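Trainee: Here it is: the structure, laid out below.
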Amino acid sequence: MPDLLSEHGLVALIGLGSGLLLGLAARLGRFCTLGAIEDLLYGGSDLRMRMWGVAIGTAVLGSFFLMAAGLLDGTQTHYLSIRWMPLASILGGLAFGYGMALAGTCGYGAIARLGGGDLRSFVIVLVMGVSTYVVLSGPLAPLRAALFPQSAVTAASPPGIAHQLGVLTGLPVNGIGMILGGLILAASLASRPLRSRPRQIAWAVAVGLAVILAWAGTFHVAQTGFEGLPVVSHSFAAPLGESILWWMTGSARPITFAVGSVAGVWAGAFLGSLIKGHFRWEACEDPRELRRQIFGAALMGAGAVVASGCTIGQGLSAFSVLALSAPVTMAAILAGAAIGLRQLIVGFQPAE
């Protein structure tokens, strides 16, 4: 059993606690990326997409408040410490979005569905976790590194929207970040249907708080500890593979934030499904559906590695520090998902 009083144990507990919020939000608040896209494109409703905006605005406001208070150094996060490659964001995002449509969910959504008893999502989680590591450090890693080589930031200013605007205007970076976060939040709440649903607003805020708590907790451990642990927040691509490895070899490797985060989302979703009375075992009865989901999960894993994040990693964690990669990757994910959904719902053949 891991030593929960060690630095590794502490960050795992931070991941577990903040992950619980994400799991509960998925089940009780219906917080879902693909669901929001489907509602927008085919359901005539932008309610759940605006929930994403509320979560992003909350995360941006909170993260830059932490930076202003000295409780977070954004330049220590992965998204602001590596050189941004626009082509990687676009291609990786497109692959992830298309795979998400084929699989019917993203990595975060798959864990949440698994918490409700959906065994099809168990396959998606396994395939996506393995696919991620195949591209990240497995047989396809040399090809990925050759095509999309990652390197540390060498420019004077990190690849962040607020940081770049700070250089251009001379204004405080943290002030710019909080203003932008407030604008995102205000724009998202400029909808009477959403404002009439305070419960869904509350769950969207909880999602943003989960990201903020993760940043604050892991930064505190990194600053006060001796292990040199990274400053991280939630993402559900590589952490799936990392969790699989830990559950198989936990006696030989320390527990991590990622393991706690994945477990937290599953536990929160399980609890939420019990509260709603929605827990039930489900399995795939159609081999064609399973084949599509396996292919989609493999694409998501590969795409997330290329884009350096998934719908949560780029769409919330990277967005919270206003990384330049975040809006571009999310736009590509939305485009890829739209293509995949069109293929599944109406096909690509012209109407006769």
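Lettering and numbering for the structure tokens are positional, with chains as A, B, ... in the shown order, residues counted from 1 in each chain, and ligands counted from 1 in the shown order.
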Write out as a PyMOL selection string the residues lying within 7 Å of stretch 49-66 of chain A, counting only C-alpha atoms and excluding same-chain residues fewer than 6 positions away.
Mentor: chain A and resi 36-37+72+174+177-178+181-182+184-185+188+201+204-205+207-209+211-212+316+319-321
Trainee: Going by DSSP on the backbone, which residues of stretch 68-178 of chain A come out as alpha helix (DSSP H)? List them as JSON, numbers by chain.
Mentor: {"A": [68, 78, 79, 80, 81, 86, 87, 88, 89, 90, 91, 92, 93, 94, 95, 96, 97, 98, 99, 100, 101, 102, 103, 107, 108, 109, 110, 111, 112, 113, 114, 115, 119, 120, 121, 122, 123, 124, 125, 126, 127, 128, 129, 130, 131, 132, 133, 134, 135, 136, 141, 142, 143, 144, 145, 146, 147, 161, 162, 163, 164, 165, 166, 167, 168, 169, 173, 174, 175, 176, 177, 178]}
Trainee: Between A:Leu80, A:Pro142, A:Val134, A:Ser191, which is the closest to A:Ala155 once you count only C-alpha atoms?
Mentor: A:Leu80
Trainee: Within 7 Å of stretch 216-227 of chain A, counting only C-alpha atoms, which residues show up once you throw out same-chain ones fewer than 2 positions away? Write them as a VMD selection string, please.
Mentor: chain A and resid 7 11 14 71 to 72 212 to 214 229 to 232
Trainee: So that I can check the surroundings of A:Trp203, please list as a VMD selection string every protein, DNA and RNA residue that reaches within 8 Å of it, counting only C-alpha atoms and ignoring chain neighbours fewer than 6 positions away.
Mentor: chain A and resid 25 28 to 29 31
Trainee: List as JSON, numbers by chain the protein and nucleic acid residues near stretch 282-288 of chain A, meaning an atom at most 12 Å away when only C-alpha atoms are counted, but skip any in the same chain fewer than 3 places from it.
Mentor: {"A": [102, 103, 113, 114, 115, 116, 117, 118, 119, 120, 121, 122, 123, 124, 278, 279, 291, 292, 293, 294, 295]}
Trainee: Please produce a file of the residues just selected, as a PDB file, in the first residue's frame, where the atoms kept are C-alpha atoms.
Mentor:
```pdb
ATOM      1  CA  LEU A 102     -16.336   7.128 -32.875  1.00  0.00           C
ATOM      2  CA  ALA A 103     -15.897   5.966 -29.289  1.00  0.00           C
ATOM      3  CA  ARG A 113     -19.469   5.974 -17.532  1.00  0.00           C
ATOM      4  CA  LEU A 114     -17.456   3.123 -16.087  1.00  0.00           C
ATOM      5  CA  GLY A 115     -18.409   4.429 -12.658  1.00  0.00           C
ATOM      6  CA  GLY A 116     -22.031   3.925 -13.681  1.00  0.00           C
ATOM      7  CA  GLY A 117     -21.466   0.289 -14.666  1.00  0.00           C
ATOM      8  CA  ASP A 118     -20.827   0.674 -18.417  1.00  0.00           C
ATOM      9  CA  LEU A 119     -18.379  -2.124 -19.274  1.00  0.00           C
ATOM     10  CA  ARG A 120     -17.988  -0.813 -22.816  1.00  0.00           C
ATOM     11  CA  SER A 121     -16.179   2.139 -21.286  1.00  0.00           C
ATOM     12  CA  PHE A 122     -13.802  -0.252 -19.560  1.00  0.00           C
ATOM     13  CA  VAL A 123     -12.593  -1.311 -23.008  1.00  0.00           C
ATOM     14  CA  ILE A 124     -12.249   2.337 -24.078  1.00  0.00           C
ATOM     15  CA  HIS A 278     -28.658   5.195 -12.556  1.00  0.00           C
ATOM     16  CA  PHE A 279     -26.107   2.482 -11.811  1.00  0.00           C
ATOM     17  CA  ARG A 291     -14.816  -2.257 -33.216  1.00  0.00           C
ATOM     18  CA  ARG A 292     -15.706   1.414 -33.699  1.00  0.00           C
ATOM     19  CA  GLN A 293     -15.139   2.184 -30.027  1.00  0.00           C
ATOM     20  CA  ILE A 294     -11.751   0.426 -29.970  1.00  0.00           C
ATOM     21  CA  PHE A 295     -10.595   2.325 -33.052  1.00  0.00           C
TER      22      PHE A 295
END
```
Trainee: May I ask which of the residues A:Val167, A:Leu22, A:Leu189, A:Ala337 is the closest one to A:Leu299, counting only C-alpha atoms?
Mentor: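 Using only C-alpha atoms, the shortest distance to A:Leu299 belongs to A:Ala337.
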Trainee: In Å, how far is it from atom CA of A:Ser235 to atom CA of A:Ala112?
Mentor: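 Atom CA of A:Ala112 lies 13.5 Å from atom CA of A:Ser235.
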Trainee: One number please: atom CA of A:Phe270 to atom CA of A:Arg197, in Å, one decimal.
Mentor: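 Answer for the atom CA of A:Phe270 to atom CA of A:Arg197 separation: 23.7 Å.
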Trainee: What separation in Å, quoted to one decimal, exists between atom CA of A:Gly19 and atom CA of A:Ile176?
Mentor: 28.3 Å
Trainee: List as a count of residues only the protein and nucleic acid residues near A:Tyr133, meaning an atom at most 12 Å away when only C-alpha atoms are counted, but skip any in the same chain fewer than 6 places from it.
Mentor: 23
